[in-house]
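A.B. asks: One file is attached below, final_37.cif, containing mmCIF, C-alpha atoms.
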data_target
loop_
_atom_site.label_atom_id
_atom_site.label_comp_id
_atom_site.auth_asym_id
_atom_site.auth_seq_id
_atom_site.Cartn_x
_atom_site.Cartn_y
_atom_site.Cartn_z
CA MET J 7 19.63 45.30 -7.73
CA THR J 8 20.32 41.59 -7.34
CA LEU J 9 20.54 39.30 -10.34
CA GLN J 10 17.36 37.56 -9.25
CA ALA J 11 15.48 40.85 -8.93
CA ALA J 12 16.68 41.85 -12.38
CA ILE J 13 15.80 38.71 -14.30
CA THR J 14 12.74 37.43 -12.46
CA PRO J 15 10.19 39.89 -13.87
CA THR J 16 11.40 39.35 -17.43
CA ILE J 17 11.32 35.58 -17.53
CA THR J 18 8.37 35.01 -15.26
CA GLY J 19 6.25 37.78 -16.80
CA PHE J 20 6.13 35.77 -20.01
CA LEU J 21 4.67 32.72 -18.31
CA TRP J 22 2.51 34.00 -15.46
CA PRO J 23 -0.42 36.37 -15.53
CA SER J 24 1.12 38.64 -12.89
CA GLY J 25 -0.26 41.76 -14.52
CA GLU J 26 -3.56 40.23 -15.54
CA ALA J 27 -4.08 38.58 -12.17
CA ALA J 28 -4.34 41.85 -10.33
CA THR J 29 -7.87 41.10 -9.28
CA ARG J 30 -9.04 38.18 -7.20
CA ASP J 31 -11.50 37.11 -9.92
CA SER J 32 -8.92 36.90 -12.65
CA SER J 33 -6.41 35.02 -10.46
CA GLY J 34 -9.14 32.42 -9.86
CA LYS J 35 -9.64 32.14 -13.61
CA PHE J 36 -5.95 31.38 -14.17
CA ASN J 37 -5.97 28.75 -11.41
CA ARG J 38 -8.98 27.11 -13.03
CA LEU J 39 -7.13 27.19 -16.36
CA ALA J 40 -4.22 25.39 -14.67
CA LEU J 41 -6.48 22.65 -13.29
CA MET J 42 -8.18 22.33 -16.65
CA THR J 43 -4.73 21.81 -18.22
CA ALA J 44 -3.94 19.10 -15.66
CA MET J 45 -7.24 17.38 -16.55
CA MET J 46 -6.48 17.82 -20.25
CA SER J 47 -3.18 15.95 -19.80
CA VAL J 48 -5.20 13.00 -18.46
CA VAL J 49 -7.51 13.11 -21.50
CA PHE J 50 -4.53 13.18 -23.87
CA GLU J 51 -2.86 10.31 -22.02
CA LYS J 52 -6.02 8.21 -22.30
CA SER J 53 -6.45 9.08 -25.98
CA THR J 54 -2.99 7.70 -26.86
CA LYS J 55 -4.07 4.38 -25.35
CA LEU J 56 -7.29 4.43 -27.39
CA ALA J 57 -5.22 4.44 -30.57
CA ARG J 58 -4.41 0.77 -29.83
CA TYR J 59 -7.93 -0.06 -28.66
CA ASN J 60 -9.95 -2.82 -30.33
CA PHE J 61 -13.36 -1.27 -31.00
CA ASP J 62 -14.98 -4.70 -31.35
CA GLU J 63 -15.02 -4.68 -27.54
CA GLY J 64 -17.39 -1.72 -27.40
CA TYR J 65 -17.36 2.04 -27.64
CA GLU J 66 -17.66 2.78 -23.91
CA PRO J 67 -14.05 4.00 -23.50
CA VAL J 68 -14.48 6.42 -26.41
CA ILE J 69 -17.75 7.74 -24.99
CA MET J 70 -16.16 8.12 -21.54
CA LEU J 71 -13.18 9.95 -22.99
CA ALA J 72 -15.39 12.23 -25.08
CA GLY J 73 -17.39 12.97 -21.93
CA MET J 74 -14.23 13.78 -20.00
CA ALA J 75 -13.08 16.10 -22.80
CA ALA J 76 -16.49 17.78 -22.84
CA THR J 77 -16.25 18.67 -19.14
CA LEU J 78 -12.96 20.57 -19.61
CA PRO J 79 -14.23 23.99 -20.82
CA PHE J 80 -16.71 24.13 -17.94
CA VAL J 81 -13.89 23.99 -15.39
CA LEU J 82 -13.04 27.55 -16.45
CA PHE J 83 -16.39 28.92 -15.30
CA GLU J 84 -16.66 29.64 -11.61
CA LYS J 85 -20.30 28.56 -11.56
CA TYR J 86 -19.76 25.15 -13.21
CA SER J 87 -16.18 24.37 -12.20
CA ARG J 88 -16.91 22.00 -9.33
CA ILE J 89 -19.64 20.04 -11.13
CA ALA J 90 -17.37 19.72 -14.19
CA ILE J 91 -14.60 18.25 -12.01
CA LEU J 92 -17.12 15.88 -10.40
CA LEU J 93 -18.33 14.64 -13.81
CA PHE J 94 -14.73 14.26 -14.97
CA VAL J 95 -13.86 12.14 -11.93
CA LEU J 96 -17.00 10.01 -12.31
CA LEU J 97 -16.19 9.35 -15.97
CA LEU J 98 -12.60 8.48 -15.06
CA ALA J 99 -13.61 6.11 -12.24
CA PRO J 100 -14.51 3.05 -14.40
CA THR J 101 -11.06 3.13 -16.04
CA VAL J 102 -9.38 3.38 -12.65
CA TYR J 103 -11.39 0.37 -11.47
CA THR J 104 -10.59 -1.80 -14.48
CA SER J 105 -6.97 -0.88 -15.15
CA TRP J 106 -5.42 0.35 -11.90
CA ALA J 107 -2.70 -2.31 -12.09
CA THR J 108 -1.39 -0.91 -15.34
CA TYR J 109 -1.84 2.76 -14.48
CA ALA J 110 1.20 4.88 -15.25
CA ASN J 111 2.59 7.06 -12.49
CA HIS J 112 1.28 10.29 -13.99
CA SER J 113 -2.22 8.84 -13.87
CA TRP J 114 -1.70 8.08 -10.19
CA LEU J 115 -0.48 11.62 -9.54
CA ALA J 116 -3.56 12.98 -11.34
CA LEU J 117 -5.74 10.80 -9.11
CA TRP J 118 -4.09 12.12 -5.96
CA ALA J 119 -4.45 15.71 -7.18
CA ILE J 120 -7.57 16.37 -9.24
CA PRO J 121 -10.44 14.76 -7.24
CA VAL J 122 -9.24 16.51 -4.06
CA ALA J 123 -10.33 19.83 -5.63
CA LEU J 124 -13.92 18.63 -5.04
CA LEU J 125 -13.43 19.13 -1.30
CA PHE J 126 -13.35 22.88 -1.84
CA SER J 127 -16.26 25.00 -3.00
CA LYS J 128 -13.68 27.31 -4.64
CA PHE J 129 -10.41 25.39 -4.99
CA TRP J 130 -8.86 28.34 -6.82
CA ASP J 131 -9.29 30.51 -3.74
CA ASP J 132 -8.32 28.05 -1.05
CA PRO J 133 -4.67 28.04 0.11
CA LEU J 134 -5.23 24.60 1.66
CA TYR J 135 -5.63 23.03 -1.79
CA ALA J 136 -2.54 24.85 -3.08
CA ASN J 137 -0.58 23.66 -0.06
CA TYR J 138 -1.87 20.12 -0.52
CA LEU J 139 -0.59 20.12 -4.11
CA ARG J 140 2.72 21.66 -3.04
CA VAL J 141 3.34 18.97 -0.41
CA THR J 142 2.12 16.20 -2.75
CA LEU J 143 4.49 17.30 -5.50
CA GLY J 144 7.33 17.61 -2.97
CA VAL J 145 6.68 14.07 -1.74
CA VAL J 146 6.52 12.78 -5.34
CA MET J 147 9.87 14.42 -6.16
CA LEU J 148 11.49 12.89 -3.07
CA ALA J 149 9.92 9.54 -3.95
CA ALA J 150 11.38 9.70 -7.47
CA PHE J 151 14.76 10.56 -5.92
CA SER J 152 14.54 7.70 -3.39
CA GLN J 153 13.55 5.17 -6.06
CA LYS J 154 16.62 6.18 -8.06
CA VAL J 155 18.85 5.76 -5.00
CA LEU J 156 17.29 2.35 -4.42
CA ALA J 157 17.84 1.22 -8.02
CA GLY J 158 21.45 2.41 -7.96
CA THR J 159 21.37 3.00 -11.70
CA TYR J 160 21.83 6.77 -11.50
CA TRP J 161 24.70 6.79 -8.97
CA ASP J 162 26.83 4.73 -11.34
CA GLY J 163 25.43 6.29 -14.56
CA SER J 164 24.45 2.88 -15.93
CA TYR J 165 20.88 3.90 -16.81
CA ILE J 166 22.01 7.03 -18.66
CA ALA J 167 24.62 4.94 -20.51
CA TYR J 168 21.90 2.40 -21.35
CA LEU J 169 19.53 5.07 -22.67
CA SER J 170 22.34 6.66 -24.66
CA TYR J 171 22.70 3.50 -26.71
CA TYR J 172 19.38 1.66 -26.50
CA GLY J 173 16.86 4.44 -25.78
CA SER J 174 14.54 6.35 -28.10
CA HIS J 175 15.83 9.08 -30.45
CA THR J 176 15.78 11.78 -27.80
CA GLU J 177 17.13 9.55 -25.04
CA ARG J 178 20.29 9.06 -27.09
CA MET J 179 21.11 12.77 -26.96
CA PHE J 180 23.99 12.25 -24.50
CA GLN J 181 25.62 9.45 -26.50
CA PHE J 182 28.14 11.86 -28.04
CA LEU J 183 29.63 12.60 -24.61
CA CYS J 184 31.22 9.15 -24.28
CA THR J 185 32.58 6.28 -26.34
CA ASP J 186 31.13 2.75 -26.54
CA ALA J 187 33.27 1.91 -23.51
CA THR J 188 30.57 3.54 -21.37
CA LEU J 189 28.61 0.29 -21.80
CA GLN J 190 31.39 -1.53 -19.93
CA VAL J 191 32.00 1.11 -17.26
CA PRO J 192 29.81 4.24 -17.39
CA CYS J 193 31.89 7.27 -18.30
CA GLY J 194 32.22 10.35 -16.09
CA TRP J 195 29.69 12.40 -18.06
CA HIS J 196 27.00 9.76 -17.84
CA ARG J 197 27.63 9.36 -14.11
CA PHE J 198 27.50 13.13 -13.71
CA ILE J 199 24.15 13.39 -15.55
CA GLY J 200 22.70 10.58 -13.41
CA ILE J 201 23.84 12.20 -10.16
CA PHE J 202 22.71 15.65 -11.35
CA ILE J 203 19.17 14.37 -12.07
CA MET J 204 19.00 12.80 -8.61
CA GLY J 205 20.35 15.92 -6.93
CA TRP J 206 17.87 18.08 -8.79
CA GLN J 207 14.88 15.95 -7.80
CA PHE J 208 15.99 15.94 -4.18
CA ALA J 209 16.48 19.72 -4.15
CA VAL J 210 13.10 20.43 -5.77
CA GLY J 211 11.32 18.06 -3.39
CA ALA J 212 12.99 19.62 -0.36
CA LEU J 213 12.30 23.19 -1.53
CA LEU J 214 8.64 22.40 -2.23
CA LEU J 215 8.22 20.87 1.23
CA ALA J 216 9.99 23.87 2.75
CA GLY J 217 7.35 26.10 1.20
CA VAL J 218 9.58 28.05 -1.22
CA ARG J 219 7.29 29.84 -3.67
CA SER J 220 9.68 32.00 -5.64
CA LEU J 221 8.63 32.50 -9.25
CA LEU J 222 12.24 32.10 -10.31
CA PHE J 223 12.28 28.65 -8.67
CA LEU J 224 9.04 27.80 -10.49
CA PHE J 225 10.47 29.01 -13.80
CA VAL J 226 13.66 26.98 -13.41
CA GLU J 227 11.71 23.89 -12.35
CA ILE J 228 9.36 24.19 -15.33
CA SER J 229 12.35 24.58 -17.64
CA PHE J 230 13.89 21.45 -16.13
CA LEU J 231 10.61 19.54 -16.49
CA LEU J 232 10.41 20.51 -20.14
CA GLY J 233 14.04 19.46 -20.66
CA ALA J 234 13.35 16.13 -18.94
CA GLY J 235 10.22 15.74 -21.07
CA VAL J 236 12.21 16.21 -24.28
CA TYR J 237 14.88 13.76 -23.05
CA ALA J 238 12.41 11.04 -22.08
CA ASP J 239 10.12 11.86 -25.03
CA GLU J 240 7.24 12.04 -22.59
CA MET J 241 5.47 15.36 -22.19
CA ASN J 242 2.23 14.26 -20.60
CA PHE J 243 3.64 13.89 -17.10
CA GLN J 244 5.52 17.17 -17.45
CA VAL J 245 2.39 19.11 -18.45
CA LEU J 246 0.51 17.61 -15.50
CA ASN J 247 3.34 18.60 -13.17
CA ILE J 248 3.57 22.11 -14.61
CA ALA J 249 -0.17 22.68 -14.29
CA LEU J 250 -0.24 21.43 -10.69
CA LEU J 251 2.82 23.53 -9.80
CA CYS J 252 1.05 26.64 -11.14
CA ILE J 253 -1.79 26.01 -8.66
CA ALA J 254 0.60 25.05 -5.85
CA PHE J 255 2.48 28.33 -6.29
CA ARG J 256 -0.88 30.15 -6.42
CA VAL J 257 -0.01 32.04 -9.59
CA GLY J 258 -2.28 30.22 -12.02
CA MET J 259 -1.43 29.58 -15.64
CA SER J 260 -1.19 32.28 -18.29
CA TYR J 261 -2.67 31.86 -21.76
CA ARG J 262 0.89 31.74 -23.12
CA LEU J 263 1.91 28.84 -20.88
CA PHE J 264 -1.42 27.14 -21.61
CA SER J 265 -0.71 27.38 -25.36
CA ILE J 266 2.74 25.86 -24.87
CA CYS J 267 1.22 22.99 -22.87
CA VAL J 268 -1.44 22.28 -25.51
CA ILE J 269 1.21 22.21 -28.26
CA LEU J 270 3.33 19.82 -26.19
CA LEU J 271 0.36 17.52 -25.55
CA VAL J 272 -0.45 17.40 -29.27
CA ILE J 273 3.20 16.65 -30.16
CA ASP J 274 3.23 14.01 -27.42
CA LEU J 275 0.45 12.08 -29.17
CA HIS J 276 3.06 10.82 -31.62
CA GLY J 277 6.22 11.49 -29.61
CA ILE J 278 8.87 14.16 -29.93
CA GLY J 279 11.26 11.75 -31.67
CA GLU J 280 8.76 11.13 -34.45
CA PHE J 281 7.96 14.85 -34.68
CA VAL J 282 11.66 15.79 -35.00
CA GLU J 283 12.17 13.07 -37.61
CA HIS J 284 9.16 14.26 -39.60
CA VAL J 285 10.24 17.91 -39.52
CA PHE J 286 14.00 17.58 -40.03
CA TRP J 287 14.47 14.40 -42.04
CA MET D 48 5.77 23.65 21.22
CA SER D 49 4.42 22.06 24.40
CA SER D 50 2.10 19.07 24.11
CA GLY D 51 -0.76 21.26 25.39
CA ASN D 52 -0.26 23.81 22.61
CA PHE D 53 0.06 21.04 20.06
CA PHE D 54 -3.31 19.53 20.99
CA ALA D 55 -4.89 22.98 21.17
CA SER D 56 -3.72 23.71 17.62
CA LEU D 57 -5.05 20.32 16.48
CA LYS D 58 -8.48 21.28 17.83
CA LYS D 59 -8.48 24.36 15.60
CA LEU D 60 -8.13 22.28 12.44
CA SER D 61 -11.21 21.81 10.29
CA GLY D 62 -12.51 18.54 8.87
CA LYS D 63 -10.91 19.45 5.53
CA HIS D 64 -7.52 19.73 7.21
CA TYR D 65 -7.90 16.24 8.65
CA ILE D 66 -8.87 14.83 5.24
CA ILE D 67 -5.89 16.52 3.58
CA ILE D 68 -3.48 15.28 6.27
CA SER D 69 -4.93 11.77 5.95
CA LEU D 70 -4.51 11.78 2.16
CA LEU D 71 -0.91 12.92 2.44
CA THR D 72 -0.21 10.27 5.07
CA VAL D 73 -1.75 7.47 3.00
CA HIS D 74 0.05 8.62 -0.17
CA THR D 75 3.45 8.85 1.57
CA SER D 76 2.96 5.52 3.37
CA TRP D 77 2.10 3.80 0.10
CA ILE D 78 5.23 5.21 -1.58
CA VAL D 79 7.41 3.89 1.27
CA TYR D 80 5.70 0.48 1.08
CA HIS D 81 6.05 0.51 -2.72
CA MET D 82 9.80 1.08 -2.35
CA ASN D 83 9.97 -1.84 0.06
CA LEU D 84 8.21 -4.08 -2.50
CA VAL D 85 10.50 -2.82 -5.30
CA SER D 86 13.61 -3.53 -3.19
CA GLN D 87 12.43 -7.15 -2.87
CA GLU D 88 11.72 -7.21 -6.63
CA LEU D 89 8.11 -8.15 -5.92
CA ILE D 90 6.57 -5.48 -8.17
CA ASN D 91 7.30 -3.60 -11.36
CA PRO D 92 8.81 -0.23 -10.29
CA TRP D 93 7.16 1.52 -13.25
CA LYS D 94 3.67 0.67 -12.01
CA LEU D 95 1.41 1.00 -8.98
CA GLY D 96 2.05 4.65 -8.20
CA GLY D 97 5.41 4.59 -6.46
CA TYR D 98 7.12 6.96 -8.93
CA GLY D 99 9.85 4.45 -9.71
CA MET D 100 9.63 4.92 -13.48
CA TYR D 101 12.87 5.56 -15.38
CA THR D 102 14.93 3.86 -12.67
CA LYS D 103 15.50 0.79 -14.85
CA PRO D 104 14.41 -0.14 -18.36
CA ALA D 105 10.74 -1.20 -18.31
CA ASN D 106 10.62 -4.99 -17.98
CA ARG D 107 7.90 -5.31 -20.67
CA ALA D 108 6.63 -8.59 -19.27
CA SER D 109 4.82 -10.57 -21.93
CA LEU D 110 3.37 -14.01 -22.50
CA ARG D 111 4.83 -16.69 -24.76
CA LEU D 112 2.72 -19.78 -25.29
CA TYR D 113 4.02 -23.21 -26.21
CA ASP D 114 2.22 -26.36 -27.28
CA ILE D 115 3.89 -29.17 -25.31
CA ARG D 116 1.84 -32.13 -26.56
CA SER D 117 4.68 -33.75 -28.38
CA GLU D 118 7.42 -31.40 -29.49
CA THR D 119 7.46 -28.04 -27.74
CA GLU D 120 6.25 -25.55 -30.30
CA LYS D 121 5.86 -21.82 -29.77
CA LEU D 122 2.42 -20.65 -30.83
CA SER D 123 2.12 -17.52 -32.94
CA LYS D 124 0.51 -14.62 -31.08
CA LYS D 125 -1.99 -14.36 -33.91
CA THR D 126 -3.45 -17.74 -33.01
CA TYR D 127 -4.67 -16.80 -29.54
CA THR D 128 -5.85 -13.86 -27.47
CA SER D 129 -4.29 -13.14 -24.09
CA LYS D 130 -6.01 -9.90 -23.10
CA GLY D 131 -8.26 -11.49 -20.48
CA PHE D 132 -5.38 -13.60 -19.14
CA ARG D 133 -3.17 -10.51 -18.87
CA SER D 134 -5.84 -8.50 -17.07
CA ALA D 135 -6.60 -11.36 -14.67
CA ASN D 136 -2.90 -11.43 -13.78
CA TYR D 137 -2.77 -7.63 -13.30
CA ARG D 138 -0.55 -7.30 -16.36
CA TYR D 139 2.23 -9.08 -14.45
CA SER D 140 2.81 -5.98 -12.28
CA PHE D 141 3.04 -8.21 -9.17
CA ARG D 142 6.14 -10.05 -10.33
CA CYS D 143 6.12 -12.96 -7.87
CA ARG D 144 2.40 -13.62 -7.92
CA PRO D 145 1.67 -17.11 -9.31
CA ILE D 146 -0.40 -17.33 -12.50
CA SER D 147 -3.90 -17.64 -11.10
CA GLU D 148 -6.25 -20.54 -11.71
CA ALA D 149 -8.96 -18.05 -12.66
CA SER D 150 -6.73 -16.55 -15.35
CA LEU D 151 -6.12 -20.01 -16.86
CA LEU D 152 -9.88 -20.54 -17.04
CA ILE D 153 -10.35 -17.12 -18.65
CA PHE D 154 -7.64 -17.97 -21.18
CA LEU D 155 -9.35 -21.21 -22.14
CA LYS D 156 -12.75 -19.51 -22.40
CA ASP D 157 -11.20 -16.86 -24.68
CA ASN D 158 -9.40 -19.53 -26.74
CA PRO D 159 -11.70 -22.56 -26.95
CA HIS D 160 -9.59 -24.03 -29.78
CA LEU D 161 -6.81 -24.60 -27.19
CA GLU D 162 -8.95 -26.72 -24.87
CA ASN D 163 -7.43 -30.17 -24.31
CA VAL D 164 -4.06 -28.94 -25.52
CA ASP D 165 -1.14 -29.24 -23.10
CA LEU D 166 0.32 -25.76 -22.87
CA ARG D 167 3.24 -23.93 -21.35
CA PHE D 168 2.71 -20.29 -20.35
CA THR D 169 6.01 -18.48 -20.10
CA ILE D 170 6.21 -14.89 -18.89
CA LYS D 171 9.27 -13.23 -20.37
CA GLU D 172 10.84 -10.13 -18.91
CA ARG D 173 13.66 -7.83 -19.91
CA GLU D 174 16.28 -7.83 -17.17
CA PHE D 175 18.74 -4.95 -16.78
CA ARG D 176 22.36 -6.14 -16.75
CA ARG D 177 25.68 -4.42 -16.22
CA ASN D 178 29.10 -5.45 -17.58
CA PRO D 179 28.25 -4.84 -20.31
CA ILE D 180 25.19 -2.63 -19.87
CA ARG D 181 22.25 -4.15 -21.73
CA THR D 182 18.89 -5.84 -21.24
CA LYS D 183 18.41 -9.58 -21.53
CA LEU D 184 15.14 -11.37 -22.15
CA ILE D 185 14.64 -14.01 -19.47
CA ASN D 186 11.97 -16.55 -18.57
CA HIS D 187 10.52 -15.04 -15.41
CA SER D 188 7.78 -17.55 -14.74
CA VAL D 189 6.66 -20.82 -16.28
CA THR D 190 3.28 -22.52 -15.84
CA GLU D 191 2.25 -25.73 -17.57
CA ILE D 192 -1.21 -27.17 -17.94
CA ARG D 193 -1.69 -30.84 -18.75
CA TRP D 194 -5.06 -32.39 -19.49
CA GLN D 195 -5.73 -35.56 -17.49
CA GLN D 196 -9.05 -36.10 -19.23
CA LYS D 197 -11.44 -34.01 -21.33
CA ASP D 198 -12.84 -31.98 -18.45
CA ARG D 199 -9.93 -31.89 -16.04
CA PHE D 200 -6.44 -30.47 -16.17
CA THR D 201 -3.57 -30.06 -13.74
CA TYR D 202 -1.31 -27.07 -13.66
CA SER D 203 2.10 -26.53 -12.15
CA GLY D 204 4.42 -23.59 -12.24
CA LYS D 205 7.31 -21.73 -10.76
CA VAL D 206 7.85 -18.04 -10.11
CA CYS D 207 10.50 -16.30 -7.96
CA GLY D 208 11.67 -19.71 -6.72
CA ASN D 209 8.22 -20.71 -5.47
CA GLU D 210 6.40 -23.66 -6.98
CA TYR D 211 2.62 -24.07 -7.22
CA THR D 212 0.28 -26.78 -8.48
CA GLY D 213 -3.44 -27.43 -8.77
CA ILE D 214 -6.19 -29.53 -10.34
CA VAL D 215 -9.08 -27.87 -12.17
CA ASP D 216 -12.40 -29.32 -13.23
CA TYR D 217 -13.16 -27.57 -16.48
CA LYS D 218 -16.46 -27.08 -18.21
CA SER D 219 -16.27 -25.40 -21.61
#
Spit out the file's structure as structure tokens when you get a sec.

C.D. replies:
Amino acid sequence: MTLQAAITPTITGFLWPSGEAATRDSSGKFNRLALMTAMMSVVFEKSTKLARYNFDEGYEPVIMLAGMAATLPFVLFEKYSRIAILLFVLLLAPTVYTSWATYANHSWLALWAIPVALLFSKFWDDPLYANYLRVTLGVVMLAAFSQKVLAGTYWDGSYIAYLSYYGSHTERMFQFLCTDATLQVPCGWHRFIGIFIMGWQFAVGALLLAGVRSLLFLFVEISFLLGAGVYADEMNFQVLNIALLCIAFRVGMSYRLFSICVILLVIDLHGIGEFVEHVFW
Amino acid sequence: MSSGNFFASLKKLSGKHYIIISLLTVHTSWIVYHMNLVSQELINPWKLGGYGMYTKPANRASLRLYDIRSETEKLSKKTYTSKGFRSANYRYSFRCRPISEASLLIFLKDNPHLENVDLRFTIKEREFRRNPIRTKLINHSVTEIRWQQKDRFTYSGKVCGNEYTGIVDYKS
């Protein structure tokens, strides 16, 4: 038995409904749960912005957000899934129109991914939608890699060195690897981390485009996304990515993974750094 | 695959396939174009859907306002609102876009107490520097408005090495 054959069922069984998804109906349910999680990440992202909103300017954004949140449970039901996605997209549209220039990249990814489900009467059953998400995520990974090459701040480790001294609590986690001299010339460790991140993004992008759908690959990628989320103190984008990957790999999302994602989204409302400080200090 | 087979396989594709292929093409093309704009430093890499976040520290472009009637005095942010101005300038995501005339009018409408006051609008940005590695706050663009008479002002500014001027008839 190969190492992969030995460890894959153990680690992937925890996160994917392989046993539960024996029937076609239940596998559809877990794909709908994954899309609902992707939509939920959008709602959470918008709600963090509302915390700074001046309510003297009207309650429309709150009503829109409440409406978007209300559509989420209906995505789970086969009968109402498509109409729930349509309502969600319609409620999101005014925000896209008014604030597209300030949209974060995860909001853009959500826009390229979620409304496209409307093209399919049963997105959870259609391999074309899964393939669309797979290629989209592959392109996004290669784009992130290319932007880092263009900036040149990962090749030389300067961005990792910068974050290690001027970043948030979690972004400083690699400070201990080097002395202050890294701010003059980035040390070997910081250069290594920068190059490793780039290499990883390139490899994931290439494997997604090549159509690799191994559960072990998915597990490792999700673990990396979570690690990156902790480092950057930004879980929203990671949850969106994880949810879309679950559909792209056509395995859906288990209740266990869903619970982890919800917890991460709630923690993300205040930031992991603040959470860690509150719990441990 | 021969060209004949290729076109035969294209004919088998459904409308949905064509839509999906079109979306992927548009998305990929935009990303490539976005990278081109970033390489010329024309846009903020964190914005506009090119997945260039975390490549550099966010520039956190923000407005500083100065009263230049006599002695240049920085105005406290509590004394004016810049939300409409910021939105009209797309939150400074297009880095080399001049401050628009429309945004100046919006600013004055939002802050009527600053009508007939000569003002300097400075957009500050954090710039990533090496040797040593740090960020430095720089004046990215400067625009001044000077009132010629009660209902008319001129503006002039400079961004990314390009200068711009204009005259505006203003009705409060």

A.B. asks: Quick one: distance from CA of Ala119 (chain J) to CA of Arg58 (chain J) in Å, one decimal?

C.D. replies: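 Distance reported for this atom pair: 27.1 Å.
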
A.B. asks: Write down, as a list in words, each residue of chain D that has any atom within 7 Å of an atom of chain J, counting only C-alpha atoms.

C.D. replies: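 Using only C-alpha atoms, chain D residues at most 7 Å from chain J: Ile67, Leu71, Thr75, Ile78, Met82, Lys94, Leu95, Gly96, Tyr98, Gly99, Thr102, Lys103, Tyr137, Arg138, Ser140, Asn178, Pro179, Ile180 and Arg181 of chain D.
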
A.B. asks: Convert the output of the PyMOL selection byres ((chain J and resi 275) around 9) on the shown file into explicit residues, formatted as number ranges by chain.

C.D. replies: J: 50-51, 53-54, 270-274, 276-278

A.B. asks: Okay, now the selection with C-alpha atoms, as a CSV table (one decimal), keeping the file's coordinate frame?

C.D. replies:
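Written output follows (again_8.csv):
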chain,number,residue,atom,x,y,z
J,50,PHE,CA,-4.5,13.2,-23.9
J,51,GLU,CA,-2.9,10.3,-22.0
J,53,SER,CA,-6.4,9.1,-26.0
J,54,THR,CA,-3.0,7.7,-26.9
J,270,LEU,CA,3.3,19.8,-26.2
J,271,LEU,CA,0.4,17.5,-25.6
J,272,VAL,CA,-0.4,17.4,-29.3
J,273,ILE,CA,3.2,16.6,-30.2
J,274,ASP,CA,3.2,14.0,-27.4
J,276,HIS,CA,3.1,10.8,-31.6
J,277,GLY,CA,6.2,11.5,-29.6
J,278,ILE,CA,8.9,14.2,-29.9

A.B. asks: Which one of D:Phe132, D:Tyr127, D:Tyr65, D:Tyr80 sits closest to Leu152 (chain D) if you count only C-alpha atoms?

C.D. replies: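 The answer is D:Phe132, which sits nearest to Leu152 (chain D).
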
A.B. asks: Given the choices D:Val206, D:Leu110, D:Val79, D:Ala149, which gets closest to Leu122 (chain D) if the distance is worked out from all atoms listed in the file?

C.D. replies: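 Nearest to Leu122 (chain D): D:Leu110.
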
A.B. asks: Once the PyMOL selection byres ((chain D and resi 168) around 10) is applied to the coordinates I shared, what remains selected? I want it as a PyMOL selection string.

C.D. replies: chain D and resi 110-114+146+151+166-167+169-171+188-192+204

A.B. asks: Please supply region 255-263 of chain J, rebuilt with N, CA, C and O atoms, as a CSV table (one decimal), in the coordinates of the input.

C.D. replies:
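Below is the file selection01.csv, written as the result:
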chain,number,residue,atom,x,y,z
J,255,PHE,N,1.8,27.0,-6.5
J,255,PHE,CA,2.5,28.3,-6.3
J,255,PHE,C,1.5,29.5,-6.3
J,255,PHE,O,1.9,30.6,-6.1
J,256,ARG,N,0.2,29.2,-6.5
J,256,ARG,CA,-0.9,30.2,-6.4
J,256,ARG,C,-0.7,31.3,-7.4
J,256,ARG,O,-1.0,32.5,-7.1
J,257,VAL,N,-0.2,31.0,-8.6
J,257,VAL,CA,0.0,32.0,-9.6
J,257,VAL,C,-0.9,31.8,-10.8
J,257,VAL,O,-1.1,32.6,-11.6
J,258,GLY,N,-1.4,30.6,-10.9
J,258,GLY,CA,-2.3,30.2,-12.0
J,258,GLY,C,-1.4,30.0,-13.3
J,258,GLY,O,-0.2,30.1,-13.2
J,259,MET,N,-2.1,29.8,-14.4
J,259,MET,CA,-1.4,29.6,-15.6
J,259,MET,C,-1.8,30.6,-16.7
J,259,MET,O,-3.0,30.9,-16.9
J,260,SER,N,-0.9,31.3,-17.3
J,260,SER,CA,-1.2,32.3,-18.3
J,260,SER,C,-1.6,31.6,-19.6
J,260,SER,O,-1.4,30.4,-19.8
J,261,TYR,N,-2.2,32.4,-20.5
J,261,TYR,CA,-2.7,31.9,-21.8
J,261,TYR,C,-1.5,31.4,-22.6
J,261,TYR,O,-1.5,30.5,-23.3
J,262,ARG,N,-0.3,32.1,-22.4
J,262,ARG,CA,0.9,31.7,-23.1
J,262,ARG,C,1.4,30.4,-22.7
J,262,ARG,O,1.7,29.5,-23.5
J,263,LEU,N,1.5,30.1,-21.4
J,263,LEU,CA,1.9,28.8,-20.9
J,263,LEU,C,0.9,27.7,-21.3
J,263,LEU,O,1.3,26.6,-21.6
